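**Q** Pasting a structure below so you can have a look.
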Amino acid sequence: MNIRIKFQKYGVMKFIGHLDMMRYFQKAIRRADIDIAYSGGYSPHQIMSFAAPLGVGVTSDGEYFDIRVNSSKSSQESIQALNETMAEGIRVLEYKQLPDTAKTAMSLVAAADYLIYAKPGAAPLAETPEGLQAKVQAFYEHQSEICIDKQTKKREITMDLKPLIYQMKALNVRSEETLSAIKVKNPELLAACKEHGAKDSVPALFLKVCTGSADNVKPELVLEAFCKFHGLSLEMAGLQIHRLEVYAKAEEIPVKGEAERKAYENYLQGQKSIYQRQGRAFPEFFTLGELGRDI
C-alpha cells in the first residue's frame, strides 16, 4: 500500500537540512508504529521518497513524502500517532492512500507556491502592498523576458526566467482574508504578522514557480533578479521564504500501467466535464495531496 504524507515545517526546525529530515522521519515512523515496508537485500531500508527538498531556513506548509506500508490504520489515527512523536516545528497534516501503481511524488512535482515577507524589524521589499504590486508589474508583467546569468556545475548560462514564473503578485499578509485565501497554517508566519505592530498592511511577495527535476526555479533566484531590476539591496537575512504548496500538472498521468493510465484519463475527462458544466476553468495544477484519498 502506498501512502503520501503532507507535513509543515517551522520554527527552529527550518534550520534542519533535508538528509537530517529524512533520518528524523525514519525514526518518527518507527516510534509511531507505522507498519512501513522495507527494501530487501543485506541492508534493508524504509521505502520512502520525498517530493521536493526544502532549502535550509525555509519554512513550509506543503511538504510531501511517500512511503510504502504493509498495513495501515485510518488516516486520522495515523496522523495522530505521528504527531504524538513530532518535535516542535514539525506537524503532519495529511496521510492519504495512493493507487498501487502510483508514481512517486518526486517524479510528479511541477510547481510550487512561495510567500516571501520581511521578518519583524527588517526592511520590507516595499512599504505597502500597492507599492510592491507596482514593482511586480514593472518587473514581471511589463517585461517580455527576464534574462539572468546562472552558474551551473560546468559553466555559466543565460536563461529566461519569465516562462518559469507562473504567477507573481503582491499580497497583504496582515489581512485575515488573504491568509485564508492562500490557506496559511504555519504558526510562525501567523505570529510574524501579529508582531508587525499597529501596521494594518504587511506587504509580501507571492510566487508560483516551476519546480522539479527538469526545470527548477528557486525563489531566491527570482528575488535576486527582482531586486537587481529595481536597484534594491537584497538582504536575505531580513526576509523569510515560506513554501505554501507543491503541485503536479493536472494533465500528468500519476499512475503506471496501461489499464491504470486509461482509467485515470477517463476520470480526468469526467472532472473536466464537471468544471465545464459549472462554468469554471479546469486547473493547470493539482496539489500532490489531491492525488490520494483518506483511509
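Numbering starts fresh at 1 for the residues of each chain in the C-alpha cells, the chains themselves are lettered A, B, ... in the order given, and ligands are numbered from 1 as they appear.
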Quick one: everything within 10 Å of A:Lys185, counting only C-alpha atoms, minus sequence neighbours fewer than 4 positions away in the same chain. Send it as a list in words.

**A**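 Listing them by chain and then by number gives Gln8, Ser60, Asp61, Gly62, Leu93, Leu179, Ser180, Leu189, Leu190 and Leu244 of chain A.
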
**Q** Write down as a PyMOL selection string the residues belonging to stretch 180-239 of chain A that are assigned alpha helix (DSSP H) by DSSP computed on the backbone.

**A** chain A and resi 180-181+187-194+219-230

**Q** Between A:Ala248, A:Ala237, A:Val58, A:Leu232, which residue has the minimum interatomic distance to A:Cys210, considering only C-alpha atoms?

**A** A:Ala248

**Q** Quote the spacing between atom CA of A:Phe229 and atom CA of A:Pro53 in Å to one decimal place.

**A**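 A separation of 28.5 Å between them.
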
**Q** May I ask which of the residues A:Leu221, A:Val209, A:Ile5, A:Met21 is the closest one to A:Phe65, counting only C-alpha atoms?

**A**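 So, comparing all the options, the nearest one is A:Ile5.
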
**Q** Which residue is closest to A:Thr128? Choose from A:Leu161, A:Val109, A:Val173, A:Leu98 and count only C-alpha atoms.

**A**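 Closest residue, counting only C-alpha atoms: A:Val173.
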
**Q** Using only C-alpha atoms, find the one residue out of A:Ile3, A:Tyr275, A:Cys147, A:Arg31 that sits nearest to A:Ser71.

**A**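 Closest residue, counting only C-alpha atoms: A:Ile3.
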